[in-house]
>>> print(open('data-v6.pdb').read())   # PDB, C-alpha atoms
ATOM      1  CA  MET A   1      65.346 -49.217 -68.008
ATOM      2  CA  LYS A   2      62.497 -46.851 -67.313
ATOM      3  CA  THR A   3      62.656 -47.772 -63.619
ATOM      4  CA  ILE A   4      66.374 -47.056 -63.456
ATOM      5  CA  ILE A   5      65.860 -43.616 -65.021
ATOM      6  CA  THR A   6      63.033 -42.836 -62.570
ATOM      7  CA  VAL A   7      65.145 -43.897 -59.605
ATOM      8  CA  ALA A   8      68.052 -41.830 -60.897
ATOM      9  CA  LEU A   9      65.784 -38.800 -61.376
ATOM     10  CA  VAL A  10      64.303 -39.086 -57.901
ATOM     11  CA  PHE A  11      67.774 -39.459 -56.409
ATOM     12  CA  THR A  12      69.035 -36.384 -58.251
ATOM     13  CA  LEU A  13      65.999 -34.444 -57.117
ATOM     14  CA  LEU A  14      66.517 -35.453 -53.503
ATOM     15  CA  LEU A  15      70.192 -34.554 -53.662
ATOM     16  CA  THR A  16      69.464 -31.150 -55.161
ATOM     17  CA  THR A  17      66.803 -30.453 -52.544
ATOM     18  CA  SER A  18      69.137 -31.366 -49.714
ATOM     19  CA  ILE A  19      71.841 -29.105 -51.156
ATOM     20  CA  ILE A  20      69.377 -26.219 -51.407
ATOM     21  CA  MET A  21      68.104 -26.865 -47.885
ATOM     22  CA  GLY A  22      71.649 -27.120 -46.635
ATOM     23  CA  GLY A  23      72.420 -23.849 -48.345
ATOM     24  CA  ASN A  24      69.474 -22.217 -46.621
ATOM     25  CA  THR A  25      70.566 -23.418 -43.231
ATOM     26  CA  HIS A  26      73.975 -21.997 -43.907
ATOM     27  CA  ASP A  27      72.502 -18.611 -44.874
ATOM     28  CA  GLU A  28      70.424 -18.551 -41.733
ATOM     29  CA  GLU A  29      73.466 -19.166 -39.617
ATOM     30  CA  GLN A  30      75.230 -16.358 -41.407
ATOM     31  CA  GLU A  31      72.371 -13.965 -40.803
ATOM     32  CA  HIS A  32      71.240 -14.893 -37.304
ATOM     33  CA  GLY A  33      74.296 -16.458 -35.812
ATOM     34  CA  TYR A  34      74.777 -19.538 -33.712
ATOM     35  CA  LYS A  35      73.122 -17.960 -30.669
ATOM     36  CA  ASN A  36      69.763 -17.805 -32.393
ATOM     37  CA  THR A  37      68.629 -21.368 -32.401
ATOM     38  CA  TYR A  38      64.937 -20.970 -31.752
ATOM     39  CA  SER A  39      63.455 -18.182 -33.795
ATOM     40  CA  ARG A  40      64.005 -16.360 -37.057
ATOM     41  CA  GLN A  41      61.672 -13.616 -35.861
ATOM     42  CA  LEU A  42      63.874 -12.340 -33.083
ATOM     43  CA  ASP A  43      65.684  -9.106 -33.748
ATOM     44  CA  VAL A  44      67.930  -8.976 -30.718
ATOM     45  CA  ALA A  45      68.860 -11.641 -28.206
ATOM     46  CA  PRO A  46      66.370 -11.651 -25.309
ATOM     47  CA  VAL A  47      67.654 -10.807 -21.836
ATOM     48  CA  SER A  48      69.140 -13.946 -20.323
ATOM     49  CA  ASN A  49      70.503 -12.652 -17.013
ATOM     50  CA  ILE A  50      67.962 -12.718 -14.183
ATOM     51  CA  THR A  51      69.900 -10.240 -12.039
ATOM     52  CA  TYR A  52      69.993  -7.785 -14.939
ATOM     53  CA  ALA A  53      66.271  -8.247 -15.553
ATOM     54  CA  GLU A  54      65.522  -7.606 -11.882
ATOM     55  CA  GLU A  55      67.944  -4.796 -11.129
ATOM     56  CA  CYS A  56      67.385  -2.728 -14.250
ATOM     57  CA  GLY A  57      63.853  -3.877 -14.906
ATOM     58  CA  SER A  58      62.646  -2.617 -11.539
ATOM     59  CA  CYS A  59      62.743   0.944 -12.902
ATOM     60  CA  HIS A  60      62.470   0.639 -16.671
ATOM     61  CA  PHE A  61      62.222  -1.846 -19.499
ATOM     62  CA  ALA A  62      65.290  -4.074 -19.302
ATOM     63  CA  TYR A  63      66.758  -3.097 -22.672
ATOM     64  CA  GLN A  64      68.492  -5.985 -24.397
ATOM     65  CA  PRO A  65      72.291  -5.681 -24.337
ATOM     66  CA  GLY A  66      72.302  -6.110 -28.128
ATOM     67  CA  LEU A  67      70.764  -2.669 -28.563
ATOM     68  CA  LEU A  68      73.984  -0.780 -27.819
ATOM     69  CA  PRO A  69      77.697  -1.345 -28.368
ATOM     70  CA  GLU A  70      80.120  -2.266 -25.607
ATOM     71  CA  LYS A  71      81.487   1.272 -25.356
ATOM     72  CA  SER A  72      78.030   2.643 -24.617
ATOM     73  CA  TRP A  73      77.318   0.099 -21.891
ATOM     74  CA  ILE A  74      80.623   0.805 -20.200
ATOM     75  CA  LYS A  75      79.897   4.531 -20.196
ATOM     76  CA  ILE A  76      76.445   3.950 -18.755
ATOM     77  CA  MET A  77      77.588   1.490 -16.118
ATOM     78  CA  THR A  78      80.425   3.668 -14.854
ATOM     79  CA  ASP A  79      78.108   6.580 -14.092
ATOM     80  CA  LEU A  80      75.076   4.956 -12.504
ATOM     81  CA  GLU A  81      75.012   7.697  -9.886
ATOM     82  CA  ASN A  82      73.858  10.047 -12.648
ATOM     83  CA  HIS A  83      71.728   7.682 -14.666
ATOM     84  CA  PHE A  84      69.592   9.943 -16.865
ATOM     85  CA  ASP A  85      69.045  12.237 -13.864
ATOM     86  CA  GLU A  86      68.304   9.346 -11.529
ATOM     87  CA  ASN A  87      70.522   7.671  -8.981
ATOM     88  CA  ALA A  88      70.836   3.999  -9.900
ATOM     89  CA  GLU A  89      73.971   3.151  -7.922
ATOM     90  CA  LEU A  90      74.830  -0.499  -7.395
ATOM     91  CA  ASP A  91      77.390  -2.042  -5.097
ATOM     92  CA  ALA A  92      80.679  -2.894  -6.789
ATOM     93  CA  ASP A  93      80.040  -6.649  -7.179
ATOM     94  CA  LEU A  94      76.676  -6.208  -8.839
ATOM     95  CA  GLN A  95      77.922  -3.417 -11.024
ATOM     96  CA  LYS A  96      80.714  -5.629 -12.314
ATOM     97  CA  GLU A  97      78.422  -8.610 -12.870
ATOM     98  CA  LEU A  98      75.954  -6.555 -14.879
ATOM     99  CA  THR A  99      78.640  -4.720 -16.839
ATOM    100  CA  ASP A 100      80.205  -8.055 -17.802
ATOM    101  CA  TYR A 101      76.850  -9.358 -18.950
ATOM    102  CA  LEU A 102      76.132  -6.242 -21.011
ATOM    103  CA  VAL A 103      79.591  -6.187 -22.563
ATOM    104  CA  GLN A 104      79.560  -9.878 -23.458
ATOM    105  CA  ASN A 105      76.191  -9.518 -25.173
ATOM    106  CA  SER A 106      76.550  -6.021 -26.621
ATOM    107  CA  ALA A 107      75.503  -5.174 -30.180
ATOM    108  CA  ASP A 108      79.063  -5.386 -31.496
ATOM    109  CA  LYS A 109      79.293  -9.018 -30.380
ATOM    110  CA  SER A 110      75.849 -10.108 -31.452
ATOM    111  CA  ASN A 111      74.871 -11.838 -34.659
ATOM    112  CA  TYR A 112      71.248 -10.888 -34.405
ATOM    113  CA  LYS A 113      69.765  -8.893 -37.250
ATOM    114  CA  ARG A 114      68.990  -5.597 -35.525
ATOM    115  CA  SER A 115      72.144  -5.580 -33.437
ATOM    116  CA  LYS A 116      74.130  -5.829 -36.646
ATOM    117  CA  ARG A 117      72.116  -3.052 -38.254
ATOM    118  CA  ILE A 118      72.515  -0.809 -35.211
ATOM    119  CA  MET A 119      76.269  -1.331 -35.430
ATOM    120  CA  ARG A 120      76.391  -0.784 -39.178
ATOM    121  CA  ALA A 121      74.740   2.622 -38.790
ATOM    122  CA  LEU A 122      77.128   3.716 -36.021
ATOM    123  CA  GLY A 123      80.495   5.321 -36.534
ATOM    124  CA  LYS A 124      83.461   3.326 -35.259
ATOM    125  CA  SER A 125      84.033   5.466 -32.200
ATOM    126  CA  ASP A 126      80.363   6.245 -31.525
ATOM    127  CA  ALA A 127      79.167   5.374 -28.047
ATOM    128  CA  PRO A 128      75.669   6.816 -27.655
ATOM    129  CA  LEU A 129      74.183   6.741 -24.172
ATOM    130  CA  ARG A 130      70.676   6.407 -25.495
ATOM    131  CA  ILE A 131      69.331   3.738 -27.830
ATOM    132  CA  THR A 132      66.990   6.409 -29.175
ATOM    133  CA  LYS A 133      70.025   8.412 -30.340
ATOM    134  CA  THR A 134      71.476   5.667 -32.508
ATOM    135  CA  LEU A 135      71.152   6.467 -36.205
ATOM    136  CA  TYR A 136      69.401   3.164 -36.893
ATOM    137  CA  PHE A 137      66.745   3.869 -34.258
ATOM    138  CA  VAL A 138      66.203   7.407 -35.528
ATOM    139  CA  ARG A 139      65.805   6.169 -39.097
ATOM    140  CA  LYS A 140      63.355   3.448 -38.131
ATOM    141  CA  HIS A 141      61.170   5.881 -36.184
ATOM    142  CA  ASP A 142      61.393   8.981 -38.349
ATOM    143  CA  GLU A 143      57.862   8.559 -39.722
ATOM    144  CA  ILE A 144      56.279   8.645 -36.302
ATOM    145  CA  PRO A 145      55.253  12.180 -35.394
ATOM    146  CA  TYR A 146      56.874  13.378 -32.193
ATOM    147  CA  ARG A 147      53.511  14.440 -30.723
ATOM    148  CA  ILE A 148      52.052  10.904 -31.033
ATOM    149  CA  VAL A 149      54.686   9.770 -28.564
ATOM    150  CA  LYS A 150      55.431  12.811 -26.426
ATOM    151  CA  ASN A 151      51.849  13.925 -25.879
ATOM    152  CA  ASN A 152      50.570  10.408 -25.380
ATOM    153  CA  LYS A 153      50.173   9.605 -21.700
ATOM    154  CA  ASP A 154      50.489   5.904 -22.458
ATOM    155  CA  ILE A 155      53.870   6.331 -24.131
ATOM    156  CA  GLY A 156      55.539   9.580 -23.069
ATOM    157  CA  SER A 157      58.917   8.771 -24.562
ATOM    158  CA  PHE A 158      60.532   6.874 -27.434
ATOM    159  CA  SER A 159      62.483   5.005 -24.777
ATOM    160  CA  ASN A 160      59.316   3.247 -23.654
ATOM    161  CA  CYS A 161      59.685   0.311 -26.092
ATOM    162  CA  THR A 162      56.954  -1.895 -24.666
ATOM    163  CA  ALA A 163      54.276   0.800 -25.019
ATOM    164  CA  CYS A 164      54.082   0.061 -28.754
ATOM    165  CA  HIS A 165      56.228  -3.002 -29.427
ATOM    166  CA  SER A 166      54.100  -5.726 -27.903
ATOM    167  CA  ASN A 167      56.854  -8.340 -28.172
ATOM    168  CA  ALA A 168      59.799  -6.161 -27.179
ATOM    169  CA  GLU A 169      60.406  -8.194 -24.071
ATOM    170  CA  LYS A 170      60.999 -11.303 -26.166
ATOM    171  CA  GLY A 171      63.494  -9.426 -28.311
ATOM    172  CA  SER A 172      61.141  -8.895 -31.215
ATOM    173  CA  TYR A 173      60.660  -5.437 -32.689
ATOM    174  CA  ASN A 174      58.798  -6.566 -35.793
ATOM    175  CA  GLU A 175      56.662  -3.750 -37.192
ATOM    176  CA  HIS A 176      53.670  -6.072 -37.530
ATOM    177  CA  ASP A 177      53.549  -6.264 -33.738
ATOM    178  CA  VAL A 178      53.452  -2.498 -33.352
ATOM    179  CA  LYS A 179      50.331  -1.066 -31.778
ATOM    180  CA  ILE A 180      50.490   2.594 -30.843
ATOM    181  CA  PRO A 181      48.186   3.319 -27.887
ATOM    182  CA  GLY A 182      45.289   5.448 -29.086
ATOM    183  CA  TYR A 183      46.302   5.012 -32.751
ATOM    184  CA  GLY A 184      46.272   1.283 -33.363
ATOM    185  CA  ARG A 185      48.490  -0.661 -35.712
ATOM    186  CA  TRP A 186      51.291   1.084 -37.506
ATOM    187  CA  GLU A 187      52.802  -0.116 -40.738
ATOM    188  CA  ASP A 188      54.706   1.870 -43.281
TER     189      ASP A 188
ATOM    190  CA  MET B 189      61.018 -29.635  34.409
ATOM    191  CA  LYS B 190      58.351 -28.866  31.828
ATOM    192  CA  ILE B 191      58.390 -25.176  32.762
ATOM    193  CA  LEU B 192      62.149 -25.109  32.461
ATOM    194  CA  LEU B 193      61.930 -26.617  28.982
ATOM    195  CA  ILE B 194      59.385 -24.051  27.877
ATOM    196  CA  LEU B 195      61.561 -21.308  29.297
ATOM    197  CA  ILE B 196      64.640 -22.544  27.445
ATOM    198  CA  LEU B 197      62.675 -22.912  24.219
ATOM    199  CA  SER B 198      61.122 -19.469  24.434
ATOM    200  CA  ILE B 199      64.502 -17.864  25.107
ATOM    201  CA  SER B 200      66.100 -19.633  22.184
ATOM    202  CA  PHE B 201      63.207 -18.620  19.921
ATOM    203  CA  SER B 202      63.296 -15.018  20.984
ATOM    204  CA  LYS B 203      66.994 -14.815  20.116
ATOM    205  CA  ASN B 204      66.384 -16.464  16.814
ATOM    206  CA  ILE B 205      65.206 -13.561  14.664
ATOM    207  CA  GLN B 206      63.648 -14.757  11.486
ATOM    208  CA  ALA B 207      65.504 -13.670   8.387
ATOM    209  CA  GLY B 208      63.446 -11.330   6.239
ATOM    210  CA  SER B 209      61.340 -10.094   9.144
ATOM    211  CA  LEU B 210      60.947  -6.496  10.247
ATOM    212  CA  GLU B 211      62.829  -7.393  13.397
ATOM    213  CA  ALA B 212      65.775  -8.600  11.333
ATOM    214  CA  LEU B 213      65.765  -5.365   9.383
ATOM    215  CA  PHE B 214      65.899  -3.188  12.510
ATOM    216  CA  ASP B 215      68.394  -5.558  14.049
ATOM    217  CA  SER B 216      70.734  -5.043  11.101
ATOM    218  CA  TYR B 217      70.853  -1.348  11.948
ATOM    219  CA  GLN B 218      71.594  -2.015  15.602
ATOM    220  CA  GLN B 219      75.003  -3.279  14.584
ATOM    221  CA  ALA B 220      75.928   0.359  14.069
ATOM    222  CA  GLY B 221      75.148   1.107  17.730
ATOM    223  CA  VAL B 222      72.010   1.165  19.849
ATOM    224  CA  ILE B 223      69.531   3.502  18.241
ATOM    225  CA  THR B 224      65.959   4.269  19.161
ATOM    226  CA  PRO B 225      63.838   4.599  16.057
ATOM    227  CA  LYS B 226      61.439   7.549  16.141
ATOM    228  CA  ALA B 227      58.445   7.333  13.813
ATOM    229  CA  GLU B 228      57.586  11.032  14.269
ATOM    230  CA  GLN B 229      61.051  12.081  13.114
ATOM    231  CA  GLY B 230      60.720   9.699  10.188
ATOM    232  CA  LYS B 231      57.440  11.279   9.155
ATOM    233  CA  LEU B 232      58.963  14.772   9.283
ATOM    234  CA  LEU B 233      61.887  13.721   7.131
ATOM    235  CA  TRP B 234      59.562  11.909   4.709
ATOM    236  CA  ASN B 235      57.719  15.131   3.942
ATOM    237  CA  LYS B 236      60.623  17.551   4.179
ATOM    238  CA  VAL B 237      61.386  19.373   0.946
ATOM    239  CA  PHE B 238      64.911  19.643  -0.433
ATOM    240  CA  ILE B 239      66.489  21.459  -3.332
ATOM    241  CA  THR B 240      69.834  19.991  -4.299
ATOM    242  CA  GLU B 241      72.558  20.887  -6.761
ATOM    243  CA  LYS B 242      71.399  18.139  -9.104
ATOM    244  CA  SER B 243      67.693  18.845  -8.878
ATOM    245  CA  LYS B 244      68.195  22.037 -10.903
ATOM    246  CA  GLY B 245      66.123  24.200  -8.628
ATOM    247  CA  LYS B 246      63.290  21.720  -8.336
ATOM    248  CA  GLU B 247      61.893  20.613  -4.996
ATOM    249  CA  ARG B 248      62.224  17.005  -4.011
ATOM    250  CA  SER B 249      60.993  14.994  -1.059
ATOM    251  CA  CYS B 250      60.319  11.325  -0.360
ATOM    252  CA  SER B 251      56.654  12.101  -0.755
ATOM    253  CA  SER B 252      57.058  13.678  -4.182
ATOM    254  CA  CYS B 253      57.331  10.177  -5.664
ATOM    255  CA  HIS B 254      55.987   7.931  -2.911
ATOM    256  CA  GLY B 255      53.123  10.212  -1.866
ATOM    257  CA  SER B 256      52.379  11.475   1.624
ATOM    258  CA  ASP B 257      49.969   8.627   2.348
ATOM    259  CA  VAL B 258      52.401   5.749   2.447
ATOM    260  CA  ARG B 259      49.584   3.210   2.405
ATOM    261  CA  LYS B 260      48.818   4.250  -1.151
ATOM    262  CA  SER B 261      50.760   3.872  -4.386
ATOM    263  CA  GLY B 262      53.007   6.670  -5.539
ATOM    264  CA  LYS B 263      54.045   7.981  -8.923
ATOM    265  CA  HIS B 264      57.554   8.965  -9.922
ATOM    266  CA  ILE B 265      57.599  12.729 -10.583
ATOM    267  CA  ARG B 266      59.844  12.423 -13.624
ATOM    268  CA  THR B 267      59.208   9.043 -15.206
ATOM    269  CA  GLY B 268      55.586   8.593 -14.133
ATOM    270  CA  LYS B 269      56.330   5.055 -13.009
ATOM    271  CA  LEU B 270      53.849   3.605 -10.533
ATOM    272  CA  ILE B 271      55.464   2.914  -7.183
ATOM    273  CA  GLU B 272      53.828   0.394  -4.900
ATOM    274  CA  PRO B 273      52.882   1.473  -1.363
ATOM    275  CA  MET B 274      55.647   1.794   1.224
ATOM    276  CA  ALA B 275      53.737   1.029   4.439
ATOM    277  CA  SER B 276      54.409  -2.433   5.818
ATOM    278  CA  SER B 277      50.735  -2.746   6.758
ATOM    279  CA  VAL B 278      49.786  -2.965   3.085
ATOM    280  CA  ASN B 279      53.046  -4.060   1.457
ATOM    281  CA  LEU B 280      55.121  -6.153   3.813
ATOM    282  CA  LYS B 281      57.275  -7.622   1.058
ATOM    283  CA  ARG B 282      59.154  -4.328   0.809
ATOM    284  CA  PHE B 283      60.953  -5.128   4.038
ATOM    285  CA  ARG B 284      62.117  -8.668   3.432
ATOM    286  CA  ASP B 285      65.501  -7.902   1.929
ATOM    287  CA  VAL B 286      67.873  -5.830   4.064
ATOM    288  CA  LYS B 287      70.324  -5.370   1.196
ATOM    289  CA  LYS B 288      67.613  -4.040  -1.066
ATOM    290  CA  THR B 289      66.384  -1.628   1.610
ATOM    291  CA  LYS B 290      69.880  -0.219   2.052
ATOM    292  CA  LYS B 291      70.446  -0.001  -1.706
ATOM    293  CA  TRP B 292      67.337   2.117  -2.153
ATOM    294  CA  PHE B 293      68.117   4.295   0.868
ATOM    295  CA  LYS B 294      71.500   5.080  -0.661
ATOM    296  CA  ARG B 295      70.077   5.910  -4.087
ATOM    297  CA  ASN B 296      67.037   7.803  -2.966
ATOM    298  CA  CYS B 297      68.646   9.790  -0.135
ATOM    299  CA  LYS B 298      71.318  11.010  -2.542
ATOM    300  CA  TRP B 299      68.720  11.850  -5.175
ATOM    301  CA  THR B 300      66.313  13.553  -2.792
ATOM    302  CA  ILE B 301      68.484  15.094  -0.077
ATOM    303  CA  GLY B 302      71.786  15.260  -1.924
ATOM    304  CA  ARG B 303      73.654  13.037   0.539
ATOM    305  CA  GLU B 304      73.352   9.625   2.139
ATOM    306  CA  CYS B 305      70.974   9.325   5.089
ATOM    307  CA  SER B 306      72.414   8.648   8.521
ATOM    308  CA  VAL B 307      71.601   5.399  10.296
ATOM    309  CA  GLN B 308      69.314   7.352  12.632
ATOM    310  CA  GLU B 309      67.434   8.879   9.707
ATOM    311  CA  GLN B 310      67.024   5.488   8.081
ATOM    312  CA  VAL B 311      65.631   3.766  11.168
ATOM    313  CA  ASP B 312      63.317   6.723  11.794
ATOM    314  CA  ILE B 313      61.884   6.404   8.311
ATOM    315  CA  LEU B 314      61.630   2.638   8.649
ATOM    316  CA  LYS B 315      59.810   3.042  11.951
ATOM    317  CA  TYR B 316      57.411   5.487  10.317
ATOM    318  CA  LEU B 317      56.778   3.160   7.378
ATOM    319  CA  THR B 318      56.213   0.160   9.600
ATOM    320  CA  THR B 319      53.770   1.816  11.988
ATOM    321  CA  GLN B 320      51.251   3.250   9.507
TER     322      GLN B 320
END
>>> encode(input="data-v6.pdb", output="structure tokens")
Amino acid sequence: MKTIITVALVFTLLLTTSIIMGGNTHDEEQEHGYKNTYSRQLDVAPVSNITYAEECGSCHFAYQPGLLPEKSWIKIMTDLENHFDENAELDADLQKELTDYLVQNSADKSNYKRSKRIMRALGKSDAPLRITKTLYFVRKHDEIPYRIVKNNKDIGSFSNCTACHSNAEKGSYNEHDVKIPGYGRWED
Amino acid sequence: MKILLILILSISFSKNIQAGSLEALFDSYQQAGVITPKAEQGKLLWNKVFITEKSKGKERSCSSCHGSDVRKSGKHIRTGKLIEPMASSVNLKRFRDVKKTKKWFKRNCKWTIGRECSVQEQVDILKYLTTQ
């Protein structure tokens, strides 16, 4: 009798555990989406298009598409001749290929944590041209004095993600990875 | 017979311009007509200063970002980005992709001069960059 009770208890325990585990998996899917299969740490989907990484990354950090909504990317990509006071013109084929990639992976279509938060903080018709102008970005950086960035020759601008976010290229903007040149780690 | 074979081979090789070579790059410009590249003209244009509508009164030249010694690295005047040397003698890989060369000519001529560069201007600059 005792054995039967023990077996029954163990079985119940196992069942409960599997339900809880199953529940967790479900939550994770809800939060991170089906695209994120390899890391819970990632904030935005890493860049997956080599042409994008090469073309845009030859002048600046290849910002992940999940950092801005579709409307923003379209605005940016249709005026590459005046790209933040630079000329970044592409031929029509390349321009279309990169626009498609950006649009398909834009923040409004992403299930990654930060993409969702960027979208949540934006108004419905907002289409900022700069990631640094999104409300979410501003809020997350409002404790950092302007001079630490602007007067720092190793940073120069808030748009220089990789200067402080050591894992930005992998799509991780975790504050534990932040190291401000000349100031060290930064945690609030 | 042997001499004839060598002759035929050498002719066929000389016609066969290797893709990605400097010769191929210049050859791609010849399709627009026979042009004689002039390194001296290229050097003058490289250092010539322009003020365009978009530059908001500021002076721009090729050398403002690439430097006037093309064998050395340059630094973008606005973004501060390091730009690798332009001279083929120290950075031959710059000249391996004709499409890329033309893309950057289009962008940078518009940014610097305020218009696209003519074919003559482009080959002059290329001649300058490949003879330093």
>>> resolve_selection(input="data-v6.pdb", expression="the ChimeraX specification (/B :<10) & /A", output="compact mmCIF listing (two decimals) with C-alpha atoms, in the coordinates of the input")
# COMPACT_ATOMS: atom_id res chain seq x y z
CA CYS A 59 62.74 0.94 -12.90
CA HIS A 60 62.47 0.64 -16.67
CA LEU A 80 75.08 4.96 -12.50
CA GLU A 81 75.01 7.70 -9.89
CA ASN A 82 73.86 10.05 -12.65
CA ASP A 85 69.04 12.24 -13.86
CA GLU A 86 68.30 9.35 -11.53
CA ASN A 87 70.52 7.67 -8.98
CA ALA A 88 70.84 4.00 -9.90
CA GLU A 89 73.97 3.15 -7.92
CA LEU A 90 74.83 -0.50 -7.40
CA ASP A 91 77.39 -2.04 -5.10
CA LYS A 153 50.17 9.60 -21.70
CA GLY A 156 55.54 9.58 -23.07
CA SER A 157 58.92 8.77 -24.56
>>> resolve_selection(input="data-v6.pdb", expression="the PyMOL selection byres ((chain B and resi 220-231) around 7)", output="ChimeraX atom specification")
/B:217-219,232-235,308-309,311-313,315-316
>>> residues_around(input="data-v6.pdb", residues="Asp177 of chain A", least_positions_apart="5", cutoff="9 Å", atoms="all atoms listed in the file", output="list in words")
Cys164, His165, Ser166, Asn167, Ser172, Arg185 and Trp186 of chain A
>>> write_last_selection(input="data-v6.pdb", atoms="C-alpha atoms", output="PDB file, keeping the file's coordinate frame")
ATOM      1  CA  CYS A 164      54.082   0.061 -28.754  1.00  0.00           C
ATOM      2  CA  HIS A 165      56.228  -3.002 -29.427  1.00  0.00           C
ATOM      3  CA  SER A 166      54.100  -5.726 -27.903  1.00  0.00           C
ATOM      4  CA  ASN A 167      56.854  -8.340 -28.172  1.00  0.00           C
ATOM      5  CA  SER A 172      61.141  -8.895 -31.215  1.00  0.00           C
ATOM      6  CA  ARG A 185      48.490  -0.661 -35.712  1.00  0.00           C
ATOM      7  CA  TRP A 186      51.291   1.084 -37.506  1.00  0.00           C
TER       8      TRP A 186
END
>>> resolve_selection(input="data-v6.pdb", expression="the PyMOL selection byres ((chain B and resi 239) around 10)", output="PyMOL selection string")
chain B and resi 237-238+240-249+300-302
>>> atom_distance(input="data-v6.pdb", atom1="atom CA of Leu317 of chain B", atom2="atom CA of Lys236 of chain B")
15.2 Å
>>> residues_around(input="data-v6.pdb", residues="Asp257 of chain B", least_positions_apart="5", cutoff="9 Å", atoms="all atoms listed in the file", output="ChimeraX atom specification")
/B:251,262,273-275
>>> atom_distance(input="data-v6.pdb", atom1="atom CA of Tyr112 of chain A", atom2="atom CA of Ser58 of chain A")
25.8 Å
>>> build_atoms(input="data-v6.pdb", residues="segment 236-254 of chain B", atoms="N, CA and C atoms", output="JSON list (two decimals), in the frame of the given file")
[["chain", "number", "residue", "atom", "x", "y", "z"],
["B", 236, "LYS", "N", 59.78, 16.36, 4.26],
["B", 236, "LYS", "CA", 60.62, 17.55, 4.18],
["B", 236, "LYS", "C", 61.09, 17.78, 2.74],
["B", 237, "VAL", "N", 61.06, 19.04, 2.33],
["B", 237, "VAL", "CA", 61.39, 19.37, 0.95],
["B", 237, "VAL", "C", 62.84, 19.82, 0.81],
["B", 238, "PHE", "N", 63.51, 19.30, -0.20],
["B", 238, "PHE", "CA", 64.91, 19.64, -0.43],
["B", 238, "PHE", "C", 65.10, 20.15, -1.85],
["B", 239, "ILE", "N", 66.05, 21.07, -1.99],
["B", 239, "ILE", "CA", 66.49, 21.46, -3.33],
["B", 239, "ILE", "C", 67.99, 21.19, -3.37],
["B", 240, "THR", "N", 68.41, 20.34, -4.26],
["B", 240, "THR", "CA", 69.83, 19.99, -4.30],
["B", 240, "THR", "C", 70.47, 20.54, -5.56],
["B", 241, "GLU", "N", 71.79, 20.42, -5.60],
["B", 241, "GLU", "CA", 72.56, 20.89, -6.76],
["B", 241, "GLU", "C", 72.06, 20.21, -8.04],
["B", 242, "LYS", "N", 71.79, 18.91, -7.91],
["B", 242, "LYS", "CA", 71.40, 18.14, -9.10],
["B", 242, "LYS", "C", 69.93, 18.29, -9.49],
["B", 243, "SER", "N", 69.12, 18.78, -8.56],
["B", 243, "SER", "CA", 67.69, 18.84, -8.88],
["B", 243, "SER", "C", 67.34, 20.07, -9.74],
["B", 244, "LYS", "N", 68.34, 20.86, -10.03],
["B", 244, "LYS", "CA", 68.19, 22.04, -10.90],
["B", 244, "LYS", "C", 67.06, 22.96, -10.44],
["B", 245, "GLY", "N", 67.09, 23.25, -9.17],
["B", 245, "GLY", "CA", 66.12, 24.20, -8.63],
["B", 245, "GLY", "C", 64.78, 23.58, -8.26],
["B", 246, "LYS", "N", 64.59, 22.34, -8.61],
["B", 246, "LYS", "CA", 63.29, 21.72, -8.34],
["B", 246, "LYS", "C", 63.26, 21.11, -6.94],
["B", 247, "GLU", "N", 62.06, 21.16, -6.34],
["B", 247, "GLU", "CA", 61.89, 20.61, -5.00],
["B", 247, "GLU", "C", 61.72, 19.10, -5.04],
["B", 248, "ARG", "N", 62.38, 18.46, -4.10],
["B", 248, "ARG", "CA", 62.22, 17.00, -4.01],
["B", 248, "ARG", "C", 62.00, 16.59, -2.57],
["B", 249, "SER", "N", 61.16, 15.61, -2.37],
["B", 249, "SER", "CA", 60.99, 14.99, -1.06],
["B", 249, "SER", "C", 60.65, 13.53, -1.29],
["B", 250, "CYS", "N", 60.70, 12.74, -0.23],
["B", 250, "CYS", "CA", 60.32, 11.32, -0.36],
["B", 250, "CYS", "C", 58.91, 11.24, -0.92],
["B", 251, "SER", "N", 58.07, 12.16, -0.39],
["B", 251, "SER", "CA", 56.65, 12.10, -0.76],
["B", 251, "SER", "C", 56.39, 12.56, -2.18],
["B", 252, "SER", "N", 57.36, 13.24, -2.81],
["B", 252, "SER", "CA", 57.06, 13.68, -4.18],
["B", 252, "SER", "C", 56.89, 12.49, -5.13],
["B", 253, "CYS", "N", 57.54, 11.37, -4.83],
["B", 253, "CYS", "CA", 57.33, 10.18, -5.66],
["B", 253, "CYS", "C", 56.48, 9.11, -4.96],
["B", 254, "HIS", "N", 56.70, 9.00, -3.65],
["B", 254, "HIS", "CA", 55.99, 7.93, -2.91],
["B", 254, "HIS", "C", 54.62, 8.38, -2.39]]
